[in-house]
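Here's the structure we're looking at; comments come further down.
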Amino acid sequence: MTPVIEVTGLTKTYGSGPNAVHALRGVDLTVWPGEYLAIMGASGSGKSTLLNMLGCLDVPTSGSYKLDGIDVGDFEERQLSLVRNRKIGFVFQSFNLIPRTTALANVELPLVYSGMRRKQRRERAFAALELVGLADRAQHLPNELSGGQQQRVAVARALVTGPAMVLADEPTGNLDSASSAEVLGVFDRLNASGRTIVMITHEDDVAHHASRLIRVVDGRVATTVGATR
Amino acid sequence: MNAVEVLRFALRGLVSNKLRSALTTLGITIGVAAVILLIAVGNGASVAVQQSIAGLGTNVLTVSPQRAFGGGAAAAAVTRQLTVGDAKALVDPQGAPDIRSASPVVTASVTASYGDASHDIAQFTGTYPEYLPTTNNSVASGSAFTQDDQTQARKVLLLGPTAATALFGTVDPVGKAVLVNSIQFTVVGVLNPKGSSGLQDADDTAYAPLSAVQNSLAGYGGLNQIVVQAASADALPAAQAELTAILNARHRIADGGAPDYRVLSQEQLLTTRTQTTQTFTVLLAAVAAISLLVGGIGVTNIMLVTVTERIREIGIRKAVGAPKAAVLGQFLAEATLLSLFGGALGVATGVIGSRFTISGIQPVLVPSSVLLAFGVSALIGLFFGSYPASRAASLRPIEALRHE
């Protein structure tokens, strides 16, 4: 079986010379299909930087990254945007929905860029909204939705292309406990149906939903808890 | 991702900020409307000048005396005046077949009075009867003076409409006696109006037989002008050559010598005036072009603000897989739509505005200026939108997302 993520010796340095900040100092990580991985770590430990690399939102300084068996290290901007579109679904702490645009249109967005036809797109986006339990809010604007609902729309958007994995950067960080439970419930169901999930979190009880937990300390993976398949 | 979707995103972007879009559009609208309208005004002015000059007759040559400069210090040459003899010599079916008629002209400055009314006539002309048809004058009431009046030196008078109204008001002037510098003339007719040409009121005139004017007002000195009518507009150059030959012979001017008279055709007058109005049009167009440029800078400005304000949105779009081309296309389309819409409104404003008279000039629309202004406005969108759009498109997704 091919790992979804296979990272070796990943480093990221901001700036240069004596002022250089080493956000990642050589991370090795392998994530298998169907895994639910939680990443924990203090602020500034480099966990967000790691997730951004995994999501192809940022490029590493050195090291190799194989996504679904493909080395994306020397991909150009154009190919990277294709990878982001087809292979990765990203969920942000601050939801990042496009304002003044309906929930349905937000979920449709990745499909528009993948070139899908309008009718098919509608159906897929609607199905994704149904999956997160928001089919009745399809025509609502983001500012008409609660935080939990907005985050579930964002999850639907991350899912809609059928990506190899869903990456989530503290998806419950801005939510109250009831909303957190809704969102985590969605992640649980997704994982149960075989979707690979990598999630950053601060909270232990959130991390308990995961099948495996890693801690990032000072730009390195410190401990791993749970089974590696 | 296709063009229609990109266009839809662009439209949504514009609609979501209506006030800003409207104000930017306004800048382009004003620029395009100014270009179209000002060029139409310039063109209208030049058309008006051409029409008024054409009204004077296109197959007419005007000969007027000119001090001869022999060259050198001893140039105080004898100036031979133009005489009635000169004018008569020009009408020669054998030697000058292309000249139809030649009318000697003397002018005088006079004050005419009728009863209590008194009026300074701007142009009081003594001439032959054929002068009137030559210069496109026609009689509205009464009749023109005749060759017989000229031979008998009868003191009869044709009034232009302005002069007639100034002296007689609503009274019919025909048959009435007026005093012209205290000499009595009888009004035989009133002319049709010709309108004003430039500064002069072409209707504040009076015409009388040359013999009568020389007798009583101007004396028997030189003529002010000889107005020569060519057989046709095409015969004008031939007529001018014949005229020059005859006058040179009569005035004993050697070949290549400086003549003591000067010939002006309406054609030359037309050229000069047209050049003047063209300069005027170019000047107006330059002013308009600057306002269009300012409108274009407005588009750049707004697009820069839009891009900065929507950096997060750009980040989101890139994070879900928008390729650079799609982001570039979206923002370019927004800028182009803004300026195209502004351009269309500007064309409408310009076309409607050119239907009204503007400071006495009826604008005449130049179709090419409409196309040019509209085309330029579209290009402005592309050109001035490309910098902000490429800035938006080249952002790395994580940089854009972190932007607050």
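A note on labels: chains of the structure tokens are A, B, ... as shown, every chain counts residues from 1, and ligands are counted from 1 in their shown order.
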Produce a table with one row for each residue of chain B that has an atom at most 7 Å from any atom of chain A, each row naming the nearest atom pair and its distance in Å at one decimal; use only C-alpha atoms; arrange rows by chain and rising residue number; format as CSV.
residue,atom,partner,partner_atom,distance
B:Met1,CA,A:Gly115,CA,4.1
B:Asn2,CA,A:Gly115,CA,6.7
B:Glu313,CA,A:Ile98,CA,6.0
B:Ile316,CA,A:Asn96,CA,6.5
B:Lys318,CA,A:Ser81,CA,6.9
B:Ala319,CA,A:Arg84,CA,6.5
B:Val320,CA,A:Asn85,CA,5.3
B:Gly321,CA,A:Asn85,CA,3.9
B:Ala322,CA,A:Tyr113,CA,5.5
B:Pro323,CA,A:Ser81,CA,5.4
B:Pro397,CA,A:Leu57,CA,5.5
B:Ile398,CA,A:Leu57,CA,5.4
When you look at region 12-26 of chain B with a cut-off of 9 Å (counting only C-alpha atoms), what residues show up, excluding the ones that are within fewer than 2 positions of it in the same chain? I need them as a ChimeraX atom specification. /A:100-101 /B:7-10,28-31,295-296,298-299,302,330-331,334,337-343,345-346
So which residues of region 200-365 of chain B fall under alpha helix (DSSP H) by DSSP, listed as a ChimeraX atom specification? /B:210-213,236-250,266-309,311-319,324-353
Return the single residue from B:Ser368, B:Ser390, B:Ser377, B:Asn43 that is closest to Ile297 (chain B), with distances computed using only C-alpha atoms. B:Ser377
Using only C-alpha atoms, which protein or nucleic acid residues come within 6 Å of region 192-208 of chain A? Drop anything in the same chain fewer than 4 positions from it, and give the result as a list in words. Pro33, Gly34, Glu35, Tyr36, Leu37, Ala38, Ile39, Met40, Met165, Val166, Leu167, Ala168, Asp169 and Glu170 of chain A
Can I get the selection written as an mmCIF file, in the first residue's frame, with C-alpha atoms?
data_model
loop_
_atom_site.group_PDB
_atom_site.id
_atom_site.type_symbol
_atom_site.label_atom_id
_atom_site.label_comp_id
_atom_site.auth_asym_id
_atom_site.auth_seq_id
_atom_site.Cartn_x
_atom_site.Cartn_y
_atom_site.Cartn_z
ATOM 1 C CA PRO A 33 -4.660 5.725 3.940
ATOM 2 C CA GLY A 34 -7.575 5.731 6.368
ATOM 3 C CA GLU A 35 -5.528 7.084 9.260
ATOM 4 C CA TYR A 36 -6.818 9.817 11.603
ATOM 5 C CA LEU A 37 -3.708 11.657 12.734
ATOM 6 C CA ALA A 38 -3.684 14.392 15.361
ATOM 7 C CA ILE A 39 -0.744 16.788 15.585
ATOM 8 C CA MET A 40 -0.177 18.569 18.883
ATOM 9 C CA MET A 165 -6.739 13.462 2.547
ATOM 10 C CA VAL A 166 -8.344 16.199 4.590
ATOM 11 C CA LEU A 167 -5.982 18.532 6.454
ATOM 12 C CA ALA A 168 -7.408 20.574 9.307
ATOM 13 C CA ASP A 169 -5.560 23.338 11.172
ATOM 14 C CA GLU A 170 -7.242 23.619 14.592
#
Find the spatial neighbours of Ile5 (chain A), counting only C-alpha atoms, within a cut-off of 9 Å - ignore same-chain residues fewer than 3 positions away - and output them as a ChimeraX atom specification. /A:2,29-33,54,65-69
Using only C-alpha atoms, which protein or nucleic acid residues come within 10 Å of Gly46 (chain A)? Drop anything in the same chain fewer than 4 positions from it, and give the result as a list in words. Lys12, His22, Ala23, Leu24, Arg25, Gly41, Ala42, Leu50, Leu51, Asn52, Val216, Val217, Asp218, Gly219, Arg220 and Val221 of chain A
Those selected residues, please, written with C-alpha atoms and delivered as a short mmCIF file (atom, residue, chain, number, x, y, z; two decimals), in the first residue's frame.
data_model
loop_
_atom_site.label_atom_id
_atom_site.label_comp_id
_atom_site.auth_asym_id
_atom_site.auth_seq_id
_atom_site.Cartn_x
_atom_site.Cartn_y
_atom_site.Cartn_z
CA LYS A 12 11.74 25.09 6.64
CA HIS A 22 14.20 27.35 11.77
CA ALA A 23 10.53 26.44 11.86
CA LEU A 24 11.12 22.81 10.89
CA ARG A 25 14.41 21.04 11.58
CA GLY A 41 2.44 21.02 19.98
CA ALA A 42 3.01 24.37 21.64
CA LEU A 50 4.28 21.36 8.76
CA LEU A 51 0.59 21.23 7.88
CA ASN A 52 0.99 24.06 5.34
CA VAL A 216 5.91 18.46 17.45
CA VAL A 217 8.55 20.13 19.61
CA ASP A 218 10.97 22.74 18.24
CA GLY A 219 10.50 21.71 14.64
CA ARG A 220 10.87 17.95 15.19
CA VAL A 221 8.46 15.11 15.76
#
Which of these residues is nearest to Leu38 (chain B), using only C-alpha atoms: B:Phe185, B:Phe280, B:Phe124, B:Tyr131? B:Phe280
